[in-house]
$ cat start_30.cif   # mmCIF, C-alpha atoms
data_coords
loop_
_atom_site.label_atom_id
_atom_site.label_comp_id
_atom_site.auth_asym_id
_atom_site.auth_seq_id
_atom_site.Cartn_x
_atom_site.Cartn_y
_atom_site.Cartn_z
CA ALA A 1 159.27 84.96 207.76
CA PRO A 2 160.05 84.87 204.02
CA PRO A 3 158.45 82.01 202.08
CA PRO A 4 160.68 78.99 201.43
CA ALA A 5 162.46 78.73 198.13
CA PRO A 6 160.62 76.75 195.43
CA GLY A 7 163.11 73.91 195.64
CA ARG A 8 162.63 73.49 199.38
CA ARG A 9 158.85 73.72 199.03
CA ALA A 10 158.92 70.93 196.45
CA ARG A 11 161.02 68.75 198.74
CA GLN A 12 158.66 69.37 201.64
CA THR A 13 155.68 68.33 199.52
CA SER A 14 157.47 65.13 198.57
CA HIS A 15 158.38 64.42 202.20
CA LEU A 16 154.81 65.00 203.37
CA ALA A 17 153.49 62.54 200.83
CA ALA A 18 156.07 59.96 201.84
CA LEU A 19 155.32 60.40 205.53
CA GLY A 20 151.71 59.48 204.84
CA ASN A 21 150.99 56.08 203.33
CA GLY A 22 153.98 56.28 201.01
CA SER A 23 151.91 56.13 197.83
CA ALA A 24 150.14 58.51 195.50
CA GLY A 25 147.13 58.10 193.28
CA GLY A 26 147.54 57.46 189.58
CA SER A 27 150.26 55.67 187.65
CA GLY A 28 151.95 58.72 186.14
CA ARG A 29 154.39 59.44 188.95
CA SER A 30 157.83 60.44 187.77
CA PRO A 31 160.85 58.22 188.67
CA THR A 32 162.26 61.09 190.75
CA VAL A 33 159.25 61.06 193.10
CA LYS A 34 159.44 57.27 193.41
CA VAL A 35 163.11 57.41 194.39
CA ALA A 36 162.48 60.20 196.93
CA ALA A 37 159.62 58.27 198.51
CA SER A 38 161.75 55.13 198.66
CA ASP A 39 164.60 57.03 200.32
CA VAL A 40 162.23 58.40 202.94
CA GLU A 41 160.80 54.94 203.65
CA VAL A 42 164.30 53.65 204.38
CA LEU A 43 165.23 56.70 206.45
CA ARG A 44 162.06 56.45 208.57
CA ARG A 45 163.19 53.09 209.97
CA LYS A 46 166.95 53.59 210.03
CA ASP A 47 168.80 53.92 213.33
CA ILE A 48 169.70 57.58 213.85
CA ALA A 49 173.15 56.57 215.13
CA SER A 50 173.99 55.01 211.75
CA LEU A 51 172.96 57.93 209.52
CA SER A 52 175.40 59.57 207.14
CA PRO A 53 175.81 63.38 207.23
CA ALA A 54 173.51 63.70 204.20
CA GLU A 55 170.89 61.47 205.84
CA LYS A 56 171.07 63.52 209.02
CA ARG A 57 170.32 66.67 207.02
CA HIS A 58 167.38 64.88 205.41
CA LEU A 59 166.18 63.72 208.86
CA ARG A 60 166.18 67.32 210.09
CA GLU A 61 163.83 68.29 207.27
CA LEU A 62 161.51 65.38 208.10
CA LEU A 63 161.52 66.18 211.81
CA ALA A 64 160.45 69.74 211.00
CA LEU A 65 157.39 68.35 209.22
CA LEU A 66 156.07 66.48 212.28
CA GLU A 67 152.80 67.82 213.65
CA PRO A 68 152.59 67.12 217.39
CA VAL A 69 149.14 67.16 218.97
CA PRO A 70 149.01 67.83 222.73
CA PRO A 71 147.23 65.42 225.04
CA THR A 72 144.09 66.81 226.66
CA ARG A 73 142.45 66.63 230.05
CA ARG A 74 139.01 67.55 231.30
CA ALA A 75 138.74 71.09 232.64
CA LEU A 76 136.63 72.18 235.62
CA ARG A 77 134.46 74.56 233.62
CA ARG A 78 131.67 73.42 231.31
CA THR A 79 130.99 74.56 227.78
CA PRO A 80 127.83 74.58 225.60
CA ALA A 81 127.38 71.38 223.62
CA ARG A 82 124.85 69.57 221.44
CA ARG A 83 124.93 66.56 223.77
CA GLY A 84 125.53 66.32 227.49
CA ASP A 85 123.93 67.40 230.75
CA VAL A 86 121.06 69.89 230.75
CA ASP A 87 122.22 73.45 231.39
CA PRO A 88 119.45 74.93 233.61
CA ARG A 89 120.80 78.48 233.52
CA ARG A 90 121.03 78.75 229.73
CA THR A 91 117.73 76.94 229.27
CA LEU A 92 115.90 79.30 231.63
CA LYS A 93 117.55 82.34 230.06
CA ARG A 94 116.38 81.24 226.62
CA MET A 95 112.84 80.64 227.84
CA ILE A 96 112.69 84.13 229.37
CA ALA A 97 114.06 85.70 226.19
CA THR A 98 111.56 83.95 223.89
CA GLY A 99 108.61 83.74 226.28
CA GLU A 100 107.92 80.14 225.38
CA VAL A 101 109.04 76.64 226.27
CA THR A 102 112.20 75.76 224.42
CA ARG A 103 114.37 72.73 224.00
CA PRO A 104 116.79 72.29 226.91
CA ARG A 105 120.27 73.71 226.40
CA ARG A 106 123.08 71.26 227.14
CA ARG A 107 126.65 71.46 228.34
CA ARG A 108 129.69 69.26 228.81
CA ARG A 109 133.07 69.42 230.45
CA ALA A 110 135.55 71.45 228.44
CA THR A 111 138.99 70.07 227.65
CA ARG A 112 142.36 71.76 227.85
CA PRO A 113 145.89 70.75 226.81
CA ARG A 114 147.72 68.56 229.29
CA LYS A 115 151.24 69.62 230.21
CA VAL A 116 154.14 67.73 228.65
CA VAL A 117 157.69 67.54 230.03
CA LEU A 118 160.69 66.32 228.00
CA LEU A 119 163.83 65.36 229.93
CA ILE A 120 166.63 64.63 227.45
CA ASP A 121 169.88 62.90 228.37
CA VAL A 122 172.78 64.68 226.62
CA SER A 123 175.61 62.68 228.20
CA GLY A 124 178.42 61.10 226.20
CA SER A 125 176.65 57.75 225.82
CA MET A 126 173.67 59.51 224.21
CA LYS A 127 175.80 61.49 221.73
CA PRO A 128 174.53 59.64 218.60
CA TYR A 129 170.92 60.57 219.46
CA ALA A 130 171.07 63.85 221.41
CA ASP A 131 170.99 66.20 218.42
CA ALA A 132 167.95 64.50 216.86
CA LEU A 133 166.14 64.37 220.21
CA LEU A 134 166.73 68.07 220.82
CA ARG A 135 165.48 68.89 217.33
CA PHE A 136 162.44 66.73 218.05
CA ALA A 137 161.95 68.72 221.28
CA HIS A 138 162.18 71.95 219.28
CA VAL A 139 159.31 70.82 217.04
CA VAL A 140 157.24 69.88 220.10
CA ALA A 141 158.05 73.14 221.91
CA ARG A 142 156.87 75.15 218.91
CA ARG A 143 153.46 73.47 218.86
CA MET A 144 152.31 72.60 222.38
CA PRO A 145 152.75 73.57 226.06
CA VAL A 146 155.96 71.82 227.09
CA GLU A 147 158.91 72.09 229.44
CA VAL A 148 162.27 70.80 228.16
CA CYS A 149 165.33 70.07 230.30
CA THR A 150 168.61 68.33 229.55
CA LEU A 151 170.09 65.71 231.85
CA GLY A 152 173.79 65.05 232.34
CA THR A 153 175.92 65.80 235.35
CA ARG A 154 173.48 68.63 236.00
CA LEU A 155 170.00 69.71 234.97
CA THR A 156 169.55 72.56 232.46
CA ARG A 157 166.20 74.04 231.44
CA VAL A 158 166.20 74.82 227.70
CA THR A 159 162.50 75.54 227.12
CA ARG A 160 163.09 79.18 226.25
CA GLN A 161 165.99 78.42 223.90
CA LEU A 162 163.99 75.82 221.97
CA ARG A 163 161.12 78.20 221.34
CA HIS A 164 163.21 80.06 218.75
CA ARG A 165 161.39 79.82 215.45
CA ASP A 166 164.49 78.89 213.47
CA PRO A 167 165.71 75.37 214.38
CA GLU A 168 169.39 76.18 213.87
CA GLN A 169 169.17 79.25 216.09
CA ALA A 170 167.32 77.15 218.67
CA MET A 171 170.01 74.48 218.64
CA LEU A 172 172.79 77.06 218.96
CA ALA A 173 171.01 78.71 221.89
CA ALA A 174 170.49 75.34 223.59
CA ALA A 175 174.15 74.39 223.03
CA ARG A 176 175.29 77.63 224.69
CA ALA A 177 172.97 76.98 227.66
CA VAL A 178 174.03 73.36 228.30
CA PRO A 179 177.43 73.22 230.07
CA ASP A 180 177.70 69.41 230.34
CA TYR A 181 176.96 68.26 226.79
CA GLU A 182 178.56 64.84 226.12
CA GLY A 183 179.66 64.58 229.76
CA GLY A 184 178.70 62.07 232.43
CA THR A 185 175.28 60.97 233.64
CA ARG A 186 173.76 61.46 237.07
CA LEU A 187 170.13 60.73 236.42
CA GLY A 188 169.07 60.43 240.06
CA GLU A 189 170.62 63.76 241.05
CA THR A 190 169.34 65.66 238.03
CA LEU A 191 165.83 64.22 238.36
CA LYS A 192 165.81 65.28 242.00
CA VAL A 193 166.81 68.83 241.00
CA PHE A 194 163.99 68.91 238.44
CA LEU A 195 161.42 67.75 240.98
CA ASP A 196 162.64 70.11 243.70
CA ARG A 197 162.87 73.15 241.45
CA TRP A 198 159.98 72.75 238.98
CA GLY A 199 158.24 69.39 239.17
CA GLN A 200 156.92 69.53 242.71
CA ARG A 201 155.79 73.13 242.17
CA GLY A 202 153.60 72.25 239.23
CA ALA A 203 155.52 71.36 236.06
CA ALA A 204 155.15 67.61 236.61
CA ARG A 205 151.76 67.57 238.31
CA ARG A 206 149.28 65.64 236.12
CA ALA A 207 151.71 66.03 233.20
CA VAL A 208 152.97 63.53 230.65
CA VAL A 209 156.68 63.23 231.45
CA VAL A 210 159.01 61.77 228.81
CA ILE A 211 162.53 60.77 229.83
CA CYS A 212 164.87 60.21 226.87
CA SER A 213 167.90 58.28 228.10
CA ASP A 214 169.80 55.05 227.57
CA GLY A 215 169.69 54.45 231.32
CA TRP A 216 173.42 54.48 232.07
CA GLU A 217 173.85 55.91 235.57
CA ARG A 218 177.12 56.98 237.17
CA GLY A 219 175.39 58.04 240.36
CA ASP A 220 173.43 56.06 242.93
CA PRO A 221 170.71 53.88 241.32
CA THR A 222 168.85 53.88 244.63
CA LEU A 223 168.48 57.66 244.43
CA LEU A 224 167.18 57.35 240.87
CA ALA A 225 164.60 54.78 241.99
CA GLU A 226 163.43 57.10 244.77
CA GLN A 227 163.08 60.07 242.43
CA ALA A 228 161.34 57.97 239.76
CA ARG A 229 158.83 56.85 242.39
CA ARG A 230 158.34 60.46 243.42
CA LEU A 231 157.82 61.51 239.79
CA ALA A 232 155.29 58.73 239.21
CA ARG A 233 153.19 60.00 242.11
CA LEU A 234 153.08 63.51 240.60
CA ALA A 235 152.74 62.81 236.88
CA HIS A 236 149.76 61.62 234.90
CA LYS A 237 152.03 59.31 232.90
CA VAL A 238 155.78 58.60 232.75
CA VAL A 239 157.25 57.40 229.45
CA TRP A 240 160.90 56.32 229.18
CA VAL A 241 162.38 56.52 225.69
CA ASN A 242 165.53 54.43 225.30
CA PRO A 243 167.14 54.35 221.82
CA HIS A 244 168.61 50.92 222.55
CA ALA A 245 165.15 49.46 223.22
CA GLY A 246 164.67 49.34 219.46
CA HIS A 247 167.61 46.97 218.96
CA GLU A 248 167.08 43.24 218.73
CA GLY A 249 167.84 41.40 221.95
CA TYR A 250 167.81 44.51 224.13
CA GLU A 251 167.24 43.93 227.84
CA PRO A 252 166.78 46.84 230.33
CA VAL A 253 169.63 45.76 232.60
CA GLN A 254 171.57 49.03 232.83
CA SER A 255 171.65 50.27 236.42
CA GLY A 256 169.61 53.41 235.75
CA ILE A 257 166.80 51.96 233.66
CA ALA A 258 166.58 48.88 235.88
CA ALA A 259 166.11 51.09 238.95
CA ALA A 260 163.52 53.39 237.32
CA LEU A 261 161.53 50.89 235.26
CA PRO A 262 159.14 49.80 238.07
CA HIS A 263 157.89 53.42 238.22
CA VAL A 264 157.56 53.93 234.44
CA ASP A 265 154.27 53.49 232.56
CA ARG A 266 155.78 52.76 229.15
CA LEU A 267 159.23 51.93 227.80
CA LEU A 268 159.59 52.95 224.14
CA ALA A 269 162.34 52.95 221.55
CA GLY A 270 163.55 56.29 220.22
CA HIS A 271 166.17 55.33 217.66
CA SER A 272 164.42 56.28 214.41
CA LEU A 273 161.98 58.70 212.85
CA ASP A 274 159.20 56.11 213.02
CA THR A 275 159.75 55.51 216.74
CA LEU A 276 159.67 59.27 217.41
CA ARG A 277 156.38 59.47 215.55
CA ALA A 278 155.12 56.59 217.72
CA LEU A 279 156.19 58.59 220.76
CA LEU A 280 154.09 61.55 219.60
CA GLU A 281 151.09 59.26 219.29
CA GLU A 282 151.74 57.85 222.77
CA VAL A 283 151.81 61.37 224.18
CA ARG A 284 148.67 62.42 222.28
CA LEU A 285 146.68 59.50 223.67
CA ALA A 286 148.01 59.77 227.23
#
$ encode --input "start_30.cif" --output "structure tokens"
Amino acid sequence: APPPAPGRRARQTSHLAALGNGSAGGSGRSPTVKVAASDVEVLRRKDIASLSPAEKRHLRELLALLEPVPPTRRALRRTPARRGDVDPRRTLKRMIATGEVTRPRRRRRATRPRKVVLLIDVSGSMKPYADALLRFAHVVARRMPVEVCTLGTRLTRVTRQLRHRDPEQAMLAAARAVPDYEGGTRLGETLKVFLDRWGQRGAARRAVVVICSDGWERGDPTLLAEQARRLARLAHKVVWVNPHAGHEGYEPVQSGIAAALPHVDRLLAGHSLDTLRALLEEVRLA
């Protein structure tokens, strides 16, 4: 891909600095950098639903700078290590090769990336957050093993579409693939389809599953509770991200979230850039 224009590269450098501790060494910073850093600090905490069009464009640039790190799990195979169990085979092989007693070779369990699944509600009630959440999913899909599906009146797998390198092309491809964008919500039915079609066959097994939804359910909450229980038995960890959970006084009383919550490991907010960064950390440590 062609290198970014100098202006964009300068903005990215400024954003990266602001996404760190928000300060820079020395006292000779220009007023322009101070203003940019201040703007980013405000945007990091601001509710995505309240952003202006200009702020949304800025948010897209900041989302693209996120650096997701996949969670890991212990693999069956072992790998050479400086500390760990004695590796008899490698130790003996070394002794034969040198003809003398040598220090024992050691080994430890290798690690491998743990699967991640993102299930994103794109119904009408999630309209203020759906675009940002899909762009967040695009960043994740570009950097770690992940399956992404949208939830509405039906389930749509958009993993392939979100692996486009260009975010705008990825969003266009996802929009063409999703037939029920801004429609109704049938979380129980769509979760059942996911588990029947992909989850039970391996996608959800020992995976970190993230459900991004406000919890409004037009279908049967009992079905959602059954499928959430089924998912919890398969997954390593289930995280529910509800944008409204970041609002003061929020209570998880909506029919969907109330039915699923007993089978969820963590309930997180997802209404701002900072809360999405917290979600990445939750996934990394799962």
$ residues_around --input "start_30.cif" --residues "A:Lys56" --least-positions-apart "6" --cutoff "12 Å" --atoms "only C-alpha atoms" --output "list of chain:residue names"
A:Val40, A:Leu43, A:Arg44, A:Lys46, A:Asp47, A:Ile48, A:Ala49, A:Ser50, A:Leu62, A:Leu63, A:Pro128, A:Tyr129, A:Asp131, A:Ala132, A:Arg135, A:Ser272, A:Leu273
$ resolve_selection --input "start_30.cif" --expression "the PyMOL selection byres ((chain A and resi 178-184) around 12)" --output "mmCIF file with C-alpha atoms, in the coordinates of the input"
data_model
loop_
_atom_site.group_PDB
_atom_site.id
_atom_site.type_symbol
_atom_site.label_atom_id
_atom_site.label_comp_id
_atom_site.auth_asym_id
_atom_site.auth_seq_id
_atom_site.Cartn_x
_atom_site.Cartn_y
_atom_site.Cartn_z
ATOM 1 C CA ILE A 120 166.630 64.630 227.450
ATOM 2 C CA ASP A 121 169.880 62.900 228.370
ATOM 3 C CA VAL A 122 172.780 64.680 226.620
ATOM 4 C CA SER A 123 175.610 62.680 228.200
ATOM 5 C CA GLY A 124 178.420 61.100 226.200
ATOM 6 C CA SER A 125 176.650 57.750 225.820
ATOM 7 C CA MET A 126 173.670 59.510 224.210
ATOM 8 C CA LYS A 127 175.800 61.490 221.730
ATOM 9 C CA PRO A 128 174.530 59.640 218.600
ATOM 10 C CA TYR A 129 170.920 60.570 219.460
ATOM 11 C CA ALA A 130 171.070 63.850 221.410
ATOM 12 C CA ASP A 131 170.990 66.200 218.420
ATOM 13 C CA LEU A 134 166.730 68.070 220.820
ATOM 14 C CA CYS A 149 165.330 70.070 230.300
ATOM 15 C CA THR A 150 168.610 68.330 229.550
ATOM 16 C CA LEU A 151 170.090 65.710 231.850
ATOM 17 C CA GLY A 152 173.790 65.050 232.340
ATOM 18 C CA THR A 153 175.920 65.800 235.350
ATOM 19 C CA ARG A 154 173.480 68.630 236.000
ATOM 20 C CA LEU A 155 170.000 69.710 234.970
ATOM 21 C CA THR A 156 169.550 72.560 232.460
ATOM 22 C CA ARG A 157 166.200 74.040 231.440
ATOM 23 C CA VAL A 158 166.200 74.820 227.700
ATOM 24 C CA THR A 159 162.500 75.540 227.120
ATOM 25 C CA GLN A 161 165.990 78.420 223.900
ATOM 26 C CA MET A 171 170.010 74.480 218.640
ATOM 27 C CA LEU A 172 172.790 77.060 218.960
ATOM 28 C CA ALA A 173 171.010 78.710 221.890
ATOM 29 C CA ALA A 174 170.490 75.340 223.590
ATOM 30 C CA ALA A 175 174.150 74.390 223.030
ATOM 31 C CA ARG A 176 175.290 77.630 224.690
ATOM 32 C CA ALA A 177 172.970 76.980 227.660
ATOM 33 C CA THR A 185 175.280 60.970 233.640
ATOM 34 C CA ARG A 186 173.760 61.460 237.070
ATOM 35 C CA LEU A 187 170.130 60.730 236.420
ATOM 36 C CA GLU A 189 170.620 63.760 241.050
ATOM 37 C CA THR A 190 169.340 65.660 238.030
ATOM 38 C CA GLY A 215 169.690 54.450 231.320
ATOM 39 C CA TRP A 216 173.420 54.480 232.070
ATOM 40 C CA GLU A 217 173.850 55.910 235.570
ATOM 41 C CA ARG A 218 177.120 56.980 237.170
ATOM 42 C CA GLY A 219 175.390 58.040 240.360
#
$ atom_distance --input "start_30.cif" --atom1 "atom CA of A:Arg90" --atom2 "atom CA of A:Arg114"
28.6 Å
$ residues_around --input "start_30.cif" --residues "A:His263" --least-positions-apart "5" --cutoff "8 Å" --atoms "only C-alpha atoms" --output "ChimeraX atom specification"
/A:225,228-229,232,238
$ atom_distance --input "start_30.cif" --atom1 "atom CA of A:His236" --atom2 "atom CA of A:Leu261"
15.9 Å
$ resolve_selection --input "start_30.cif" --expression "the PyMOL selection byres ((chain A and resi 250-257) around 7)" --output "list in words"
Gly215, Trp216, Glu217, Pro221, Leu224, His244, Ala245, His247, Glu248, Gly249, Ala258, Ala259, Ala260 and Leu261 of chain A
$ residues_around --input "start_30.cif" --residues "A:Lys115" --least-positions-apart "2" --cutoff "7 Å" --atoms "only C-alpha atoms" --output "list in words"
Pro113, Val117, Pro145, Val146, Ala207 and Val208 of chain A
$ residues_around --input "start_30.cif" --residues "A:Leu280" --least-positions-apart "5" --cutoff "9 Å" --atoms "all atoms listed in the file" --output "list of chain:residue names"
A:Glu67, A:Pro68, A:Val69, A:Pro70, A:Val140, A:Thr275, A:Leu285
$ atom_distance --input "start_30.cif" --atom1 "atom CA of A:Val193" --atom2 "atom CA of A:Glu226"
12.8 Å
$ closest_residue --input "start_30.cif" --among "A:Glu147, A:Glu100, A:Glu168, A:Asp87" --to "A:Ala64" --atoms "all atoms listed in the file"
A:Glu168
$ closest_residue --input "start_30.cif" --among "A:Leu162, A:Leu267, A:Leu133, A:Leu191" --to "A:Leu59" --atoms "all atoms listed in the file"
A:Leu133
$ closest_residue --input "start_30.cif" --among "A:Glu55, A:Asp214, A:Glu61, A:Asp220" --to "A:Ala269" --atoms "only C-alpha atoms"
A:Asp214
